[in-house]
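Asker: Next comes protein12.cif, mmCIF, C-alpha atoms:
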data_data
#
loop_
_atom_site.group_PDB
_atom_site.id
_atom_site.type_symbol
_atom_site.label_atom_id
_atom_site.label_comp_id
_atom_site.auth_asym_id
_atom_site.auth_seq_id
_atom_site.Cartn_x
_atom_site.Cartn_y
_atom_site.Cartn_z
ATOM 1 C CA MET A 15 21.182 32.863 -53.186
ATOM 2 C CA GLN A 16 19.133 32.161 -56.282
ATOM 3 C CA PRO A 17 15.379 31.511 -55.896
ATOM 4 C CA GLU A 18 15.688 28.076 -57.522
ATOM 5 C CA ALA A 19 18.444 27.086 -55.096
ATOM 6 C CA ILE A 20 16.248 28.164 -52.183
ATOM 7 C CA LYS A 21 13.307 26.145 -53.520
ATOM 8 C CA SER A 22 15.519 23.099 -54.023
ATOM 9 C CA LEU A 23 16.901 23.363 -50.499
ATOM 10 C CA ALA A 24 13.373 23.745 -49.081
ATOM 11 C CA ARG A 25 12.136 20.670 -50.967
ATOM 12 C CA GLU A 26 15.041 18.537 -49.792
ATOM 13 C CA THR A 27 14.643 19.703 -46.210
ATOM 14 C CA ALA A 28 10.882 19.084 -46.245
ATOM 15 C CA ARG A 29 11.467 15.431 -47.139
ATOM 16 C CA GLY A 30 13.246 14.927 -43.810
ATOM 17 C CA ILE A 31 10.581 16.602 -41.674
ATOM 18 C CA LYS A 32 8.205 13.904 -40.476
ATOM 19 C CA THR A 33 6.993 15.124 -37.088
ATOM 20 C CA GLU A 34 6.164 18.354 -35.334
ATOM 21 C CA GLU A 35 9.356 17.927 -33.305
ATOM 22 C CA ASP A 36 11.395 17.684 -36.537
ATOM 23 C CA LEU A 37 9.819 20.919 -37.721
ATOM 24 C CA TYR A 38 10.515 22.635 -34.402
ATOM 25 C CA THR A 39 14.164 21.487 -34.454
ATOM 26 C CA PHE A 40 14.564 22.691 -38.044
ATOM 27 C CA ARG A 41 12.990 26.061 -37.212
ATOM 28 C CA GLN A 42 15.385 26.506 -34.281
ATOM 29 C CA ALA A 43 18.410 25.685 -36.432
ATOM 30 C CA LEU A 44 17.259 27.989 -39.227
ATOM 31 C CA THR A 45 16.661 30.819 -36.767
ATOM 32 C CA ARG A 46 20.085 30.314 -35.164
ATOM 33 C CA VAL A 47 21.899 30.300 -38.517
ATOM 34 C CA THR A 48 20.003 33.376 -39.733
ATOM 35 C CA ILE A 49 20.708 35.387 -36.584
ATOM 36 C CA GLU A 50 24.392 34.402 -36.547
ATOM 37 C CA ALA A 51 24.780 35.414 -40.206
ATOM 38 C CA ALA A 52 23.068 38.758 -39.586
ATOM 39 C CA LEU A 53 25.193 39.486 -36.509
ATOM 40 C CA ASN A 54 28.399 38.566 -38.317
ATOM 41 C CA ALA A 55 27.480 40.806 -41.247
ATOM 42 C CA GLU A 56 26.664 43.638 -38.848
ATOM 43 C CA LEU A 57 29.991 43.172 -37.045
ATOM 44 C CA ASP A 58 31.924 43.122 -40.340
ATOM 45 C CA GLU A 59 30.195 46.342 -41.372
ATOM 46 C CA HIS A 60 30.876 47.978 -38.030
ATOM 47 C CA LEU A 61 34.554 46.989 -37.968
ATOM 48 C CA GLY A 62 35.086 47.701 -41.647
ATOM 49 C CA TYR A 63 36.662 44.326 -42.419
ATOM 50 C CA ALA A 64 35.705 40.644 -42.442
ATOM 51 C CA ARG A 65 36.697 38.160 -39.764
ATOM 52 C CA HIS A 66 40.342 36.955 -39.916
ATOM 53 C CA GLU A 67 41.426 39.750 -42.274
#
Just give me the structure of the file as structure tokens.

Answerer:
Amino acid sequence: MQPEAIKSLARETARGIKTEEDLYTFRQALTRVTIEAALNAELDEHLGYARHE
């Protein structure tokens, strides 16, 4: 992902965060997505092919 795209996504997301609870919920979602992506990439590497191939 390009740095400008990351900055744009961060700015848009920050507009929706109004409370500490919003920030906590966002952090949980971001953590979940990041871990799932890393595990899927690790599994693809281990198996030698991508999911559904």

Asker: What's the separation between CA of Leu57 (chain A) and CA of Glu18 (chain A), in Å to one decimal place?

Answerer: 29.2 Å

Asker: Pick out the residues sitting within 12 Å of Arg41 (chain A), and hand them over as a ChimeraX atom specification; count only C-alpha atoms, and ignore anything fewer than 5 positions along from it in its own chain.

Answerer: /A:27-28,31,34-36,46-48

Asker: Counting all atoms listed in the file, what is within 10 Å of Arg65 (chain A), bar same-chain residues fewer than 3 positions away, as a PDB file with C-alpha atoms, in the frame of the given file?

Answerer:
ATOM      1  CA  ASN A  54      28.399  38.566 -38.317  1.00  0.00           C
ATOM      2  CA  ALA A  55      27.480  40.806 -41.247  1.00  0.00           C
ATOM      3  CA  LEU A  57      29.991  43.172 -37.045  1.00  0.00           C
ATOM      4  CA  ASP A  58      31.924  43.122 -40.340  1.00  0.00           C
ATOM      5  CA  LEU A  61      34.554  46.989 -37.968  1.00  0.00           C
ATOM      6  CA  GLY A  62      35.086  47.701 -41.647  1.00  0.00           C
TER       7      GLY A  62
END

Asker: Rounded to one decimal place, report the CA of Arg25 (chain A)-CA of Ile49 (chain A) distance in Å.

Answerer: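 Atom-to-atom, CA of Arg25 (chain A) and CA of Ile49 (chain A) are spaced 22.3 Å apart.
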
Asker: Between CA of Lys21 (chain A) and CA of Ala51 (chain A), measure the distance and give it in Å to one decimal.

Answerer: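 Computing it gives 19.9 Å between the two atoms.
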
Asker: Would you compute the box with edges along x, y and z of the file around region 47-55 of chain A, including every atom the file lists for it and 8 Å extra on each side, and give its centre and edge lengths in Å to one decimal, as lines of an AutoDock Vina configuration file?

Answerer:
center_x = 24.2
center_y = 35.6
center_z = -38.9
size_x = 24.4
size_y = 26.5
size_z = 20.7
